[in-house]
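This report concerns only the one structure given below.
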Amino acid sequence: MEQIKLTVNGKGYELQVRPWASLLEVIRDDLGLTGTKEGCGEGECGACTVIMDGKAVNSCIVLAVEADGRQITTIEGLAEGDKLHPVQEAFLEMGGMQCGFCTPGMILSTKVLLDGNKNPTDEDIRKGLEGNFCRCTGYTKIFESVKAAAQKIRR
Amino acid sequence: MAQFYKRLPRFQYLLPKTIEEALSFLKEHKAAARLFAGGTDLIPQLKKREVDIPRCLVDLKGIPGLDSIAYDEEAGLKIGPLATINAIKDCPYVRDHYPSLLQAASSMASPQVRNRGTFAGNICSAVPSADSAPALLALEASVRLLGQKGAREVPMDKFFTGPRKTVLETDEMLLEIRVPRPKPGSRNVYLKLSPRHSMDLAIVGVAVVATCEDGICKDIKIALGAVAPTPIRVPAAERILEGKRITPEIIEEVSQNVAAQCSPIDDHRASLEYRRDMVYILARRALNNVLTK
């Protein structure tokens, strides 16, 4: 077992992890934060996206030991109490989801995109979300949600 | 159909703090050790049990300074083994001097993968469709390798030996990718064909570096990805152009020659004929891009 220290959603943890455990397994199974989803398990679909030190990563292909000393944000870390993050509000209002499985990843990728660029072009949005697959919506409403989120954040 | 486990096999995790320590781990464990950088290729391969399970992973990320990207007018660009694909993409030197590297980096995978994956990993994995490879080949890059027997510099066109095979010995690590400064007035481009714009491998990749003076082609390097067992240069086609006046006819001739030089596979991604036709189209487009605009 390896000893790691990491911060998840602002809360510090000291954990014993198996060297071959993915960050996703530790987030879901050890910390019980099941908002992060396992889709393909091989870094293709983006359902397991979390933010590590300000960058979007696929937690299914990051080892938990690699997260030692890092700051992680999962979907559970966006809202402040009952107050949803503007990106979450936008996805709700625009109906940017169907089954919802890809939504945590979509929202976190959107947050990273908008943190770096409050006025994304259509192309910026497509590039920003290119690592997140949705098998339900056809992306149109997700795309509109991102635009609405950008507008909310600019206000 | 391959069994899909989604869980990693057991291995020991080693986190050396210096290059010497990393090399001593490689010496000790030899082929039972795997160097570990971004992991975006290795981790999925291990999950799918596509490679021999290593006894230990040697994570290079504990060694400071390996993620550097440096440029100077003499030596050109030096890319450290832990420089991520996104770091290359966002590097101002790359944007100003090496558009082909920028195009290759931007075309790869997704933001999540580009935040972790490295250029060094992309070429050490040695997949024939590796996007960074044709650009690096055409720019006449080289790699600096360090092992128990010392350091050596290998030009990119001697680095790949087969699909997923390179000259890298089991006790060696890649220390640096060196990309010479582009010649004054030269231009470079990388064009990639893939059915999707994201998360997709190249069906064909073409990189061209050229210098054109007064309508004469002074210097030309052409490299291809995904259409041979390794990424390749096409010197026979380069020789046709060198020193010649640029005309639509000669660009046509060279593009056809480039297509004749490749040896694509015929698979579910694309047929052999389609790949060859697209090599012709992309070569012509890339040549026009750097020579006539």
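Labels for the structure tokens follow display order: chains A, B, ..., residues from 1 in each chain, ligands from 1.
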**Request:** Enumerate as a list in words the residues belonging to chain B that approach chain A to within 7 Å, with only C-alpha atoms taken into account.
**Result:**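 Therefore, the residues near the partner are Lys6, Leu8, Pro9, Arg10, Phe11, Gln12, Tyr13, Gly39, Thr40, Ile43, Pro44, Ser110, Pro111, Gln112, Val113, Asn115, Ser198 and Met199 of chain B.
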Can I get the selection written as a compact mmCIF listing (two decimals), in the first residue's frame, with N, CA and C atoms?
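Dumped everything to again-v1.txt:
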```
# COMPACT_ATOMS: atom_id res chain seq x y z
N LYS B 6 -11.16 -3.62 -17.10
CA LYS B 6 -11.36 -2.30 -16.49
C LYS B 6 -10.61 -2.11 -15.18
N LEU B 8 -6.81 -2.54 -13.18
CA LEU B 8 -5.40 -2.72 -13.50
C LEU B 8 -4.86 -3.99 -12.84
N PRO B 9 -3.89 -4.60 -13.48
CA PRO B 9 -3.21 -5.73 -12.83
C PRO B 9 -2.33 -5.19 -11.70
N ARG B 10 -1.83 -6.08 -10.87
CA ARG B 10 -0.98 -5.64 -9.76
C ARG B 10 0.42 -5.33 -10.26
N PHE B 11 0.98 -4.27 -9.74
CA PHE B 11 2.38 -3.96 -10.01
C PHE B 11 2.92 -3.15 -8.85
N GLN B 12 4.25 -3.08 -8.80
CA GLN B 12 4.90 -2.24 -7.81
C GLN B 12 5.05 -0.85 -8.41
N TYR B 13 4.91 0.18 -7.59
CA TYR B 13 5.02 1.55 -8.07
C TYR B 13 6.30 2.18 -7.53
N GLY B 39 0.89 8.04 -18.97
CA GLY B 39 0.09 6.85 -18.75
C GLY B 39 -1.14 6.72 -19.64
N THR B 40 -1.35 7.69 -20.55
CA THR B 40 -2.59 7.67 -21.33
C THR B 40 -2.62 6.52 -22.34
N ILE B 43 -1.72 2.83 -19.37
CA ILE B 43 -2.77 2.39 -18.44
C ILE B 43 -3.91 1.65 -19.18
N PRO B 44 -4.46 2.23 -20.28
CA PRO B 44 -5.48 1.45 -21.02
C PRO B 44 -4.94 0.12 -21.53
N SER B 110 -8.03 14.30 -26.72
CA SER B 110 -8.97 15.22 -26.08
C SER B 110 -8.20 16.07 -25.07
N PRO B 111 -8.82 17.15 -24.55
CA PRO B 111 -8.12 17.95 -23.54
C PRO B 111 -7.64 17.10 -22.36
N GLN B 112 -8.51 16.17 -21.92
CA GLN B 112 -8.14 15.36 -20.76
C GLN B 112 -6.88 14.54 -21.02
N VAL B 113 -6.82 13.94 -22.22
CA VAL B 113 -5.65 13.12 -22.57
C VAL B 113 -4.44 14.01 -22.83
N ASN B 115 -3.74 16.76 -21.44
CA ASN B 115 -3.23 17.26 -20.16
C ASN B 115 -2.30 16.26 -19.49
N SER B 198 -11.94 14.58 -33.27
CA SER B 198 -11.42 14.38 -31.92
C SER B 198 -11.37 12.89 -31.60
N MET B 199 -10.56 12.54 -30.62
CA MET B 199 -10.49 11.17 -30.12
C MET B 199 -10.41 10.16 -31.25
```
**Prompt:** Which polymer residues have any atom within 8 Å of an atom of Asp157 in chain B, counting only C-alpha atoms, with same-chain residues fewer than 6 positions away left out, as number ranges by chain?
**Reply:** B: 137, 140, 232-233
Using N, CA and C atoms, can you export the residues from the last selection as a PDB file, in the first residue's frame?
```
ATOM      1  N   LEU B 137       9.665  13.949 -37.743  1.00  0.00           N
ATOM      2  CA  LEU B 137      10.507  13.395 -38.813  1.00  0.00           C
ATOM      3  C   LEU B 137      10.839  14.455 -39.850  1.00  0.00           C
ATOM      4  N   GLU B 140      13.318  16.998 -38.979  1.00  0.00           N
ATOM      5  CA  GLU B 140      14.633  16.385 -38.728  1.00  0.00           C
ATOM      6  C   GLU B 140      15.006  16.433 -37.248  1.00  0.00           C
ATOM      7  N   ILE B 232       7.283   7.306 -41.596  1.00  0.00           N
ATOM      8  CA  ILE B 232       8.426   7.264 -42.528  1.00  0.00           C
ATOM      9  C   ILE B 232       8.697   8.621 -43.199  1.00  0.00           C
ATOM     10  N   ARG B 233       9.947   8.789 -43.628  1.00  0.00           N
ATOM     11  CA  ARG B 233      10.305   9.860 -44.547  1.00  0.00           C
ATOM     12  C   ARG B 233      10.213   9.288 -45.966  1.00  0.00           C
TER      13      ARG B 233
END
```
**Asked** How would you write, as a list of chain:residue names, the set of residues in chain A that DSSP gives as strand (DSSP E or B)?
**Response**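 Everything in chain A that counts as strand (DSSP E or B) is A:Glu2, A:Gln3, A:Ile4, A:Lys5, A:Leu6, A:Thr7, A:Val8, A:Lys11, A:Gly12, A:Tyr13, A:Glu14, A:Leu15, A:Gln16, A:Val17, A:Ser22, A:Thr49, A:Val50, A:Ile51, A:Met52, A:Lys55, A:Ala56, A:Val57, A:Asn58, A:Leu63, A:Gln71, A:Ile72, A:Thr73, A:Glu80, A:Lys83.
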Selected residues, N, CA and C atoms, written as a compact mmCIF listing (two decimals), in the first residue's frame, please.
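Dumped to selection34.txt:
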```txt
# COMPACT_ATOMS: atom_id res chain seq x y z
N GLU A 2 0.36 2.29 -0.61
CA GLU A 2 1.09 3.56 -0.65
C GLU A 2 0.28 4.60 0.12
N GLN A 3 1.00 5.43 0.85
CA GLN A 3 0.35 6.50 1.61
C GLN A 3 0.25 7.74 0.72
N ILE A 4 -0.95 8.29 0.56
CA ILE A 4 -1.07 9.55 -0.19
C ILE A 4 -1.88 10.57 0.59
N LYS A 5 -1.59 11.84 0.29
CA LYS A 5 -2.36 12.96 0.84
C LYS A 5 -2.93 13.71 -0.35
N LEU A 6 -4.21 13.95 -0.33
CA LEU A 6 -4.76 14.75 -1.41
C LEU A 6 -5.94 15.57 -0.89
N THR A 7 -6.29 16.59 -1.65
CA THR A 7 -7.42 17.43 -1.28
C THR A 7 -8.51 17.20 -2.31
N VAL A 8 -9.69 16.79 -1.83
CA VAL A 8 -10.81 16.59 -2.74
C VAL A 8 -11.94 17.52 -2.33
N LYS A 11 -11.43 19.37 0.89
CA LYS A 11 -11.24 18.61 2.13
C LYS A 11 -9.99 17.73 1.99
N GLY A 12 -9.13 17.78 3.01
CA GLY A 12 -7.89 17.00 2.96
C GLY A 12 -8.12 15.55 3.36
N TYR A 13 -7.45 14.63 2.68
CA TYR A 13 -7.54 13.21 3.02
C TYR A 13 -6.14 12.62 3.09
N GLU A 14 -5.94 11.71 4.03
CA GLU A 14 -4.75 10.87 4.05
C GLU A 14 -5.21 9.44 3.87
N LEU A 15 -4.73 8.80 2.82
CA LEU A 15 -5.27 7.49 2.48
C LEU A 15 -4.16 6.48 2.22
N GLN A 16 -4.47 5.21 2.47
CA GLN A 16 -3.63 4.11 2.03
C GLN A 16 -4.25 3.57 0.74
N VAL A 17 -3.49 3.58 -0.35
CA VAL A 17 -4.07 3.08 -1.61
C VAL A 17 -3.18 2.01 -2.22
N SER A 22 -6.93 3.06 -9.55
CA SER A 22 -7.07 4.31 -10.29
C SER A 22 -7.61 5.37 -9.35
N THR A 49 -14.30 12.34 -15.85
CA THR A 49 -13.52 13.58 -15.78
C THR A 49 -13.59 14.21 -14.38
N VAL A 50 -12.42 14.54 -13.85
CA VAL A 50 -12.34 15.37 -12.64
C VAL A 50 -11.33 16.48 -12.94
N ILE A 51 -11.30 17.49 -12.07
CA ILE A 51 -10.33 18.57 -12.26
C ILE A 51 -9.19 18.35 -11.27
N MET A 52 -7.98 18.21 -11.80
CA MET A 52 -6.81 18.01 -10.95
C MET A 52 -5.87 19.20 -11.14
N LYS A 55 -6.76 21.33 -14.09
CA LYS A 55 -6.84 20.73 -15.43
C LYS A 55 -7.78 19.53 -15.44
N ALA A 56 -8.54 19.40 -16.53
CA ALA A 56 -9.43 18.25 -16.65
C ALA A 56 -8.61 17.00 -16.95
N VAL A 57 -8.87 15.94 -16.23
CA VAL A 57 -8.20 14.66 -16.50
C VAL A 57 -9.23 13.53 -16.43
N ASN A 58 -8.90 12.43 -17.10
CA ASN A 58 -9.73 11.23 -17.00
C ASN A 58 -9.27 10.45 -15.78
N LEU A 63 -3.44 7.09 -11.92
CA LEU A 63 -3.30 6.27 -10.72
C LEU A 63 -3.57 7.13 -9.49
N GLN A 71 -4.75 18.80 -5.82
CA GLN A 71 -6.08 19.33 -5.51
C GLN A 71 -7.05 18.75 -6.54
N ILE A 72 -8.08 18.07 -6.06
CA ILE A 72 -9.06 17.46 -6.97
C ILE A 72 -10.42 18.12 -6.77
N THR A 73 -11.10 18.39 -7.87
CA THR A 73 -12.50 18.81 -7.78
C THR A 73 -13.35 17.79 -8.53
N GLU A 80 -22.25 25.22 -3.79
CA GLU A 80 -21.96 25.68 -2.42
C GLU A 80 -23.23 25.48 -1.61
N LYS A 83 -26.71 25.96 -3.20
CA LYS A 83 -26.56 26.88 -4.33
C LYS A 83 -25.73 26.20 -5.42
```
**Message:** List the spatial neighbours of range 139-153 of chain A as a PyMOL selection string - criterion: any atom at most 10 Å away, only C-alpha atoms, same-chain residues fewer than 3 positions off excluded.
**Reply:** chain A and resi 85-98+103+106-107+109-111+113-115+117-122+125-126+129+133-136
**Request:** Among the residues of chain A, find those DSSP assigns to alpha helix (DSSP H) from the backbone and print them as a VMD selection string.
**Result:** chain A and resid 23 to 25 86 to 94 103 to 116 122 to 128 140 to 154
Resulting file, chosen residues, N, CA and C atoms, as a short mmCIF file (atom, residue, chain, number, x, y, z; two decimals), in the first residue's frame:
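Final file, again-v2.cif:
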```
data_model
loop_
_atom_site.label_atom_id
_atom_site.label_comp_id
_atom_site.auth_asym_id
_atom_site.auth_seq_id
_atom_site.Cartn_x
_atom_site.Cartn_y
_atom_site.Cartn_z
N LEU A 23 -7.39 6.63 -9.74
CA LEU A 23 -7.95 7.73 -8.96
C LEU A 23 -9.47 7.59 -8.89
N LEU A 24 -10.06 7.14 -10.01
CA LEU A 24 -11.52 6.96 -10.06
C LEU A 24 -12.00 5.97 -8.99
N GLU A 25 -11.29 4.84 -8.88
CA GLU A 25 -11.69 3.82 -7.89
C GLU A 25 -11.62 4.40 -6.48
N PRO A 86 -23.09 27.99 -11.51
CA PRO A 86 -23.77 28.48 -12.72
C PRO A 86 -23.78 27.47 -13.87
N VAL A 87 -22.73 26.68 -13.98
CA VAL A 87 -22.71 25.67 -15.06
C VAL A 87 -23.79 24.61 -14.80
N GLN A 88 -23.92 24.21 -13.54
CA GLN A 88 -24.95 23.23 -13.19
C GLN A 88 -26.35 23.80 -13.47
N GLU A 89 -26.54 25.07 -13.05
CA GLU A 89 -27.83 25.72 -13.30
C GLU A 89 -28.15 25.73 -14.79
N ALA A 90 -27.16 26.09 -15.60
CA ALA A 90 -27.38 26.19 -17.05
C ALA A 90 -27.77 24.84 -17.64
N PHE A 91 -27.09 23.78 -17.20
CA PHE A 91 -27.41 22.44 -17.73
C PHE A 91 -28.84 22.05 -17.34
N LEU A 92 -29.24 22.41 -16.12
CA LEU A 92 -30.61 22.12 -15.67
C LEU A 92 -31.64 22.89 -16.50
N GLU A 93 -31.38 24.20 -16.63
CA GLU A 93 -32.36 25.06 -17.31
C GLU A 93 -32.50 24.71 -18.79
N MET A 94 -31.38 24.38 -19.43
CA MET A 94 -31.42 24.09 -20.87
C MET A 94 -31.73 22.61 -21.14
N THR A 103 -23.09 13.60 -17.71
CA THR A 103 -23.27 14.99 -17.27
C THR A 103 -22.18 15.49 -16.30
N PRO A 104 -21.81 14.72 -15.26
CA PRO A 104 -20.75 15.23 -14.38
C PRO A 104 -19.48 15.60 -15.16
N GLY A 105 -19.09 14.75 -16.09
CA GLY A 105 -17.90 15.02 -16.90
C GLY A 105 -18.11 16.24 -17.79
N MET A 106 -19.28 16.33 -18.40
CA MET A 106 -19.60 17.47 -19.27
C MET A 106 -19.49 18.78 -18.48
N ILE A 107 -20.07 18.76 -17.28
CA ILE A 107 -20.10 19.98 -16.46
C ILE A 107 -18.69 20.38 -16.02
N LEU A 108 -17.87 19.38 -15.64
CA LEU A 108 -16.51 19.71 -15.20
C LEU A 108 -15.66 20.20 -16.37
N SER A 109 -15.82 19.60 -17.55
CA SER A 109 -15.08 20.08 -18.72
C SER A 109 -15.52 21.50 -19.07
N THR A 110 -16.84 21.76 -18.92
CA THR A 110 -17.35 23.11 -19.19
C THR A 110 -16.76 24.11 -18.20
N LYS A 111 -16.68 23.71 -16.93
CA LYS A 111 -16.12 24.60 -15.91
C LYS A 111 -14.67 24.97 -16.27
N VAL A 112 -13.87 23.96 -16.63
CA VAL A 112 -12.46 24.24 -16.98
C VAL A 112 -12.41 25.16 -18.19
N LEU A 113 -13.25 24.89 -19.19
CA LEU A 113 -13.28 25.73 -20.39
C LEU A 113 -13.59 27.17 -20.03
N LEU A 114 -14.64 27.37 -19.22
CA LEU A 114 -15.08 28.73 -18.92
C LEU A 114 -14.16 29.43 -17.91
N ASP A 115 -13.48 28.66 -17.07
CA ASP A 115 -12.48 29.27 -16.17
C ASP A 115 -11.39 29.96 -16.98
N GLY A 116 -11.07 29.36 -18.14
CA GLY A 116 -9.99 29.91 -18.96
C GLY A 116 -10.47 30.87 -20.03
N ASP A 122 -18.08 29.04 -30.79
CA ASP A 122 -18.66 27.70 -31.00
C ASP A 122 -17.55 26.65 -31.12
N GLU A 123 -16.49 27.03 -31.83
CA GLU A 123 -15.36 26.11 -32.04
C GLU A 123 -14.65 25.83 -30.70
N ASP A 124 -14.48 26.88 -29.88
CA ASP A 124 -13.86 26.69 -28.56
C ASP A 124 -14.67 25.69 -27.73
N ILE A 125 -15.99 25.78 -27.80
CA ILE A 125 -16.85 24.88 -27.03
C ILE A 125 -16.68 23.45 -27.53
N ARG A 126 -16.70 23.30 -28.87
CA ARG A 126 -16.53 21.95 -29.44
C ARG A 126 -15.19 21.36 -29.03
N LYS A 127 -14.12 22.18 -29.11
CA LYS A 127 -12.79 21.68 -28.74
C LYS A 127 -12.72 21.41 -27.23
N GLY A 128 -13.35 22.29 -26.46
CA GLY A 128 -13.30 22.14 -25.00
C GLY A 128 -13.98 20.88 -24.51
N THR A 140 -26.72 18.80 -28.99
CA THR A 140 -27.24 20.15 -29.24
C THR A 140 -27.58 20.87 -27.94
N LYS A 141 -28.29 20.18 -27.05
CA LYS A 141 -28.70 20.84 -25.81
C LYS A 141 -27.52 21.04 -24.86
N ILE A 142 -26.56 20.14 -24.95
CA ILE A 142 -25.35 20.32 -24.13
C ILE A 142 -24.63 21.59 -24.59
N PHE A 143 -24.52 21.72 -25.90
CA PHE A 143 -23.89 22.88 -26.51
C PHE A 143 -24.60 24.17 -26.06
N GLU A 144 -25.92 24.14 -26.09
CA GLU A 144 -26.71 25.32 -25.66
C GLU A 144 -26.51 25.59 -24.17
N SER A 145 -26.36 24.51 -23.39
CA SER A 145 -26.14 24.67 -21.95
C SER A 145 -24.82 25.39 -21.68
N VAL A 146 -23.79 25.02 -22.45
CA VAL A 146 -22.48 25.66 -22.27
C VAL A 146 -22.58 27.14 -22.60
N LYS A 147 -23.30 27.45 -23.68
CA LYS A 147 -23.47 28.86 -24.06
C LYS A 147 -24.20 29.63 -22.96
N ALA A 148 -25.25 28.99 -22.42
CA ALA A 148 -26.01 29.64 -21.35
C ALA A 148 -25.14 29.81 -20.11
N ALA A 149 -24.31 28.81 -19.83
CA ALA A 149 -23.43 28.89 -18.66
C ALA A 149 -22.44 30.04 -18.82
N ALA A 150 -21.92 30.20 -20.03
CA ALA A 150 -20.96 31.28 -20.29
C ALA A 150 -21.63 32.63 -20.03
N GLN A 151 -22.88 32.73 -20.48
CA GLN A 151 -23.63 33.97 -20.29
C GLN A 151 -23.84 34.27 -18.80
N LYS A 152 -24.21 33.23 -18.05
CA LYS A 152 -24.41 33.38 -16.60
C LYS A 152 -23.13 33.86 -15.92
N ILE A 153 -22.01 33.25 -16.33
CA ILE A 153 -20.74 33.57 -15.66
C ILE A 153 -20.29 34.99 -16.01
N ARG A 154 -20.60 35.42 -17.23
CA ARG A 154 -20.21 36.78 -17.64
C ARG A 154 -21.01 37.85 -16.89
#
```
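Counting from CA of Lys192 in chain B, the distance to CA of Asp90 in chain B is 19.3 Å.
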**Message:** Rounded to one decimal, what separation in Å do you get between CA of Lys165 in chain B and CA of Ile123 in chain B?
**Reply:**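 If I compute the distance from CA of Lys165 in chain B to CA of Ile123 in chain B, I get 9.8 Å.
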**Asked** Hey, can you check how far CA of Gly121 in chain B sits from CA of Cys48 in chain A?
**Response**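 Result for CA of Gly121 in chain B versus CA of Cys48 in chain A: 22.4 Å, one decimal.
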